[in-house]
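Asks: What follows is protein09.pdb; its format and atoms are PDB, C-alpha atoms, pLDDT in the B column.
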ATOM      1  CA  MET A   1      63.782  96.521 122.887  1.00 54.00           C
ATOM      2  CA  ASN A   2      61.806  98.419 125.459  1.00 54.00           C
ATOM      3  CA  PRO A   3      60.550  97.707 128.964  1.00 51.00           C
ATOM      4  CA  THR A   4      57.001  97.199 127.707  1.00 52.00           C
ATOM      5  CA  SER A   5      58.126  94.367 125.415  1.00 52.00           C
ATOM      6  CA  LEU A   6      59.236  92.469 128.503  1.00 49.00           C
ATOM      7  CA  GLU A   7      55.715  92.575 129.909  1.00 52.00           C
ATOM      8  CA  GLN A   8      54.303  90.567 127.027  1.00 55.00           C
ATOM      9  CA  GLY A   9      54.924  87.301 125.282  1.00 54.00           C
ATOM     10  CA  PRO A  10      57.844  84.972 125.882  1.00 52.00           C
ATOM     11  CA  PHE A  11      59.925  87.711 127.495  1.00 51.00           C
ATOM     12  CA  ALA A  12      57.566  88.300 130.430  1.00 56.00           C
ATOM     13  CA  ASN A  13      60.147  88.925 133.130  1.00 55.00           C
ATOM     14  CA  PHE A  14      59.235  91.861 135.327  1.00 64.00           C
ATOM     15  CA  SER A  15      62.140  91.307 137.719  1.00 76.00           C
ATOM     16  CA  LEU A  16      64.709  91.855 134.959  1.00 82.00           C
ATOM     17  CA  ARG A  17      63.103  95.115 133.900  1.00 79.00           C
ATOM     18  CA  ASP A  18      62.717  96.317 137.468  1.00 83.00           C
ATOM     19  CA  ALA A  19      66.288  95.372 138.401  1.00 85.00           C
ATOM     20  CA  ALA A  20      67.673  97.099 135.314  1.00 85.00           C
ATOM     21  CA  LYS A  21      65.771 100.280 136.083  1.00 86.00           C
ATOM     22  CA  ARG A  22      66.773 100.131 139.744  1.00 87.00           C
ATOM     23  CA  HIS A  23      70.494  99.668 139.027  1.00 89.00           C
ATOM     24  CA  PHE A  24      70.849 101.882 135.965  1.00 92.00           C
ATOM     25  CA  ARG A  25      67.989 104.360 136.520  1.00 90.00           C
ATOM     26  CA  SER A  26      66.563 103.702 133.053  1.00 88.00           C
ATOM     27  CA  TRP A  27      65.945 100.828 130.684  1.00 85.00           C
ATOM     28  CA  ASN A  28      67.922 102.508 127.881  1.00 87.00           C
ATOM     29  CA  THR A  29      70.975 102.975 130.099  1.00 91.00           C
ATOM     30  CA  ALA A  30      70.831  99.305 131.088  1.00 91.00           C
ATOM     31  CA  LEU A  31      70.727  98.283 127.420  1.00 88.00           C
ATOM     32  CA  ARG A  32      73.655 100.562 126.532  1.00 90.00           C
ATOM     33  CA  VAL A  33      75.748  99.187 129.430  1.00 93.00           C
ATOM     34  CA  ALA A  34      74.909  95.665 128.230  1.00 92.00           C
ATOM     35  CA  GLY A  35      76.363  96.572 124.826  1.00 93.00           C
ATOM     36  CA  PHE A  36      73.209  97.032 122.774  1.00 90.00           C
ATOM     37  CA  ASP A  37      73.186  99.629 120.014  1.00 89.00           C
ATOM     38  CA  LEU A  38      69.921 101.449 120.714  1.00 87.00           C
ATOM     39  CA  ILE A  39      69.882 103.329 117.428  1.00 86.00           C
ATOM     40  CA  LYS A  40      70.294 100.099 115.488  1.00 85.00           C
ATOM     41  CA  ILE A  41      67.559  98.421 117.558  1.00 83.00           C
ATOM     42  CA  ARG A  42      65.137 101.295 117.001  1.00 81.00           C
ATOM     43  CA  MET A  43      65.870 101.394 113.279  1.00 79.00           C
ATOM     44  CA  GLU A  44      65.258  97.640 113.021  1.00 77.00           C
ATOM     45  CA  MET A  45      62.002  97.914 114.987  1.00 75.00           C
ATOM     46  CA  HIS A  46      60.835 100.746 112.732  1.00 73.00           C
ATOM     47  CA  ARG A  47      61.745  98.768 109.610  1.00 70.00           C
ATOM     48  CA  LYS A  48      59.829  95.730 110.863  1.00 66.00           C
ATOM     49  CA  ARG A  49      56.761  97.831 111.650  1.00 66.00           C
ATOM     50  CA  ARG A  50      56.736  99.063 108.056  1.00 75.00           C
ATOM     51  CA  GLN A  51      57.015  95.464 106.841  1.00 81.00           C
ATOM     52  CA  TYR A  52      53.336  94.935 107.723  1.00 86.00           C
ATOM     53  CA  PRO A  53      51.696  98.322 107.078  1.00 85.00           C
ATOM     54  CA  ASP A  54      48.156  96.943 106.693  1.00 89.00           C
ATOM     55  CA  LYS A  55      45.901  93.887 106.858  1.00 93.00           C
ATOM     56  CA  ALA A  56      46.797  92.810 103.326  1.00 95.00           C
ATOM     57  CA  ALA A  57      50.498  92.637 104.222  1.00 94.00           C
ATOM     58  CA  VAL A  58      49.744  90.436 107.243  1.00 94.00           C
ATOM     59  CA  VAL A  59      47.570  88.101 105.160  1.00 97.00           C
ATOM     60  CA  ALA A  60      50.279  87.935 102.469  1.00 96.00           C
ATOM     61  CA  ALA A  61      52.906  87.038 105.082  1.00 94.00           C
ATOM     62  CA  ILE A  62      50.714  84.276 106.504  1.00 95.00           C
ATOM     63  CA  GLU A  63      50.086  82.918 102.998  1.00 96.00           C
ATOM     64  CA  SER A  64      53.815  83.055 102.291  1.00 95.00           C
ATOM     65  CA  ARG A  65      54.541  81.039 105.450  1.00 93.00           C
ATOM     66  CA  ARG A  66      51.912  78.498 104.387  1.00 94.00           C
ATOM     67  CA  ASN A  67      53.354  78.235 100.858  1.00 95.00           C
ATOM     68  CA  LYS A  68      56.848  77.683 102.272  1.00 94.00           C
ATOM     69  CA  GLY A  69      55.564  74.925 104.537  1.00 93.00           C
ATOM     70  CA  LEU A  70      56.423  76.873 107.695  1.00 91.00           C
ATOM     71  CA  PRO A  71      54.386  76.293 110.842  1.00 90.00           C
ATOM     72  CA  LEU A  72      51.440  78.624 111.356  1.00 92.00           C
ATOM     73  CA  ASN A  73      50.656  78.010 115.005  1.00 89.00           C
ATOM     74  CA  ARG A  74      51.192  81.069 117.171  1.00 84.00           C
ATOM     75  CA  GLY A  75      53.927  79.429 119.237  1.00 82.00           C
ATOM     76  CA  SER A  76      56.086  79.093 116.114  1.00 83.00           C
ATOM     77  CA  LEU A  77      56.189  82.892 115.858  1.00 81.00           C
ATOM     78  CA  LYS A  78      57.890  83.389 119.203  1.00 75.00           C
ATOM     79  CA  GLY A  79      61.608  83.954 119.355  1.00 67.00           C
ATOM     80  CA  LYS A  80      62.613  85.517 116.046  1.00 64.00           C
ATOM     81  CA  PHE A  81      62.140  89.270 115.799  1.00 56.00           C
ATOM     82  CA  GLU A  82      60.687  89.020 112.282  1.00 60.00           C
ATOM     83  CA  ASN A  83      58.046  86.549 113.429  1.00 72.00           C
ATOM     84  CA  ASN A  84      57.247  88.639 116.503  1.00 80.00           C
ATOM     85  CA  ALA A  85      56.589  91.581 114.173  1.00 83.00           C
ATOM     86  CA  LEU A  86      54.089  89.459 112.231  1.00 88.00           C
ATOM     87  CA  ASP A  87      52.403  88.351 115.442  1.00 88.00           C
ATOM     88  CA  ARG A  88      52.145  91.945 116.698  1.00 86.00           C
ATOM     89  CA  ALA A  89      50.812  93.178 113.350  1.00 88.00           C
ATOM     90  CA  ALA A  90      48.175  90.409 113.343  1.00 91.00           C
ATOM     91  CA  GLU A  91      47.071  91.484 116.826  1.00 90.00           C
ATOM     92  CA  LEU A  92      46.995  95.139 115.769  1.00 87.00           C
ATOM     93  CA  TYR A  93      44.992  94.737 112.561  1.00 90.00           C
ATOM     94  CA  PHE A  94      42.822  91.704 113.340  1.00 94.00           C
ATOM     95  CA  GLY A  95      42.640  91.585 117.134  1.00 93.00           C
ATOM     96  CA  SER A  96      44.077  88.064 117.355  1.00 93.00           C
ATOM     97  CA  TRP A  97      46.279  85.577 115.527  1.00 94.00           C
ATOM     98  CA  ASP A  98      43.266  83.317 114.968  1.00 95.00           C
ATOM     99  CA  LYS A  99      41.332  86.100 113.225  1.00 97.00           C
ATOM    100  CA  ALA A 100      44.350  86.838 111.021  1.00 96.00           C
ATOM    101  CA  LEU A 101      44.565  83.145 110.072  1.00 96.00           C
ATOM    102  CA  ARG A 102      40.869  83.132 109.171  1.00 97.00           C
ATOM    103  CA  ALA A 103      41.388  86.225 107.001  1.00 97.00           C
ATOM    104  CA  ALA A 104      44.041  84.207 105.147  1.00 97.00           C
ATOM    105  CA  GLY A 105      41.567  81.356 104.690  1.00 96.00           C
ATOM    106  CA  ILE A 106      43.105  79.104 107.333  1.00 95.00           C
ATOM    107  CA  GLU A 107      41.124  77.489 110.126  1.00 95.00           C
ATOM    108  CA  PRO A 108      43.106  78.077 113.364  1.00 93.00           C
ATOM    109  CA  ALA A 109      42.295  74.645 114.787  1.00 91.00           C
ATOM    110  CA  SER A 110      44.016  73.053 111.788  1.00 92.00           C
ATOM    111  CA  VAL A 111      47.401  74.574 112.685  1.00 90.00           C
ATOM    112  CA  ARG A 112      47.345  74.185 116.477  1.00 85.00           C
ATOM    113  CA  LEU A 113      49.821  71.772 117.984  1.00 77.00           C
ATOM    114  CA  ARG A 114      48.234  69.096 120.129  1.00 68.00           C
ATOM    115  CA  LYS A 115      49.789  68.207 123.470  1.00 54.00           C
TER     116      LYS A 115
END
Here is a file; write its structure as structure tokens.
Replies:
Amino acid sequence: MNPTSLEQGPFANFSLRDAAKRHFRSWNTALRVAGFDLIKIRMEMHRKRRQYPDKAAVVAAIESRRNKGLPLNRGSLKGKFENNALDRAAELYFGSWDKALRAAGIEPASVRLRK
């Protein structure tokens, strides 16, 4: 967890980050006071980054989700840390979730949820 992660995605809450930094003088101090184990968090983040070291790993993960019958729309990736890592890796290597889906042979429109 870092202050930048709060600026993106479902955790976009600038006031929380700003308040934490104002009261505790740093984001890390705020997390420690809240009871988070920063070393464990960093180790988990590092492990997840290595989970998708290249484009092929991202494509394989998308294909695995498809084979398991899991949803492939981008909204289904939000919430769980493992899924967020896949979403971030797709953005990093392909530029967007849609481009990563296409690389896996999936048309993005076919997995979008309709309102």
Asks: Compare A:His46, A:Asn28, A:Asp37, A:Lys21 by their minimum atom-to-atom distance to Ala85 (chain A), counting only C-alpha atoms, and give me the closest one.
Replies: A:His46
Asks: Between CA of Tyr52 (chain A) and CA of Ala103 (chain A), what is the distance in Å, rounded to a tenth?
Replies: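 Between CA of Tyr52 (chain A) and CA of Ala103 (chain A) the gap works out to 14.8 Å.
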Asks: For the file shown, report as a PyMOL selection string the outcome of the PyMOL selection byres ((chain A and resi 104-115) around 8) at residue level.
Replies: chain A and resi 59-60+62-63+71-74+98+100-103
Asks: Assuming the chain letters and numbering stay as they are in my file, what does the PyMOL selection byres ((chain A and resi 31) around 12) actually select? List them as a ChimeraX atom specification.
Replies: /A:1-3,16-17,20-21,23-30,32-39,41
Asks: Between CA of Val58 (chain A) and CA of Ala89 (chain A), what is the distance, to one decimal in Å?
Replies: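 Computing the Euclidean distance for CA of Val58 (chain A) and CA of Ala89 (chain A) yields 6.8 Å.
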Asks: Return the single residue from A:Arg22, A:Arg47, A:Lys55, A:Lys40 that is closest to Leu92 (chain A), with distances computed using all atoms listed in the file.
Replies: A:Lys55
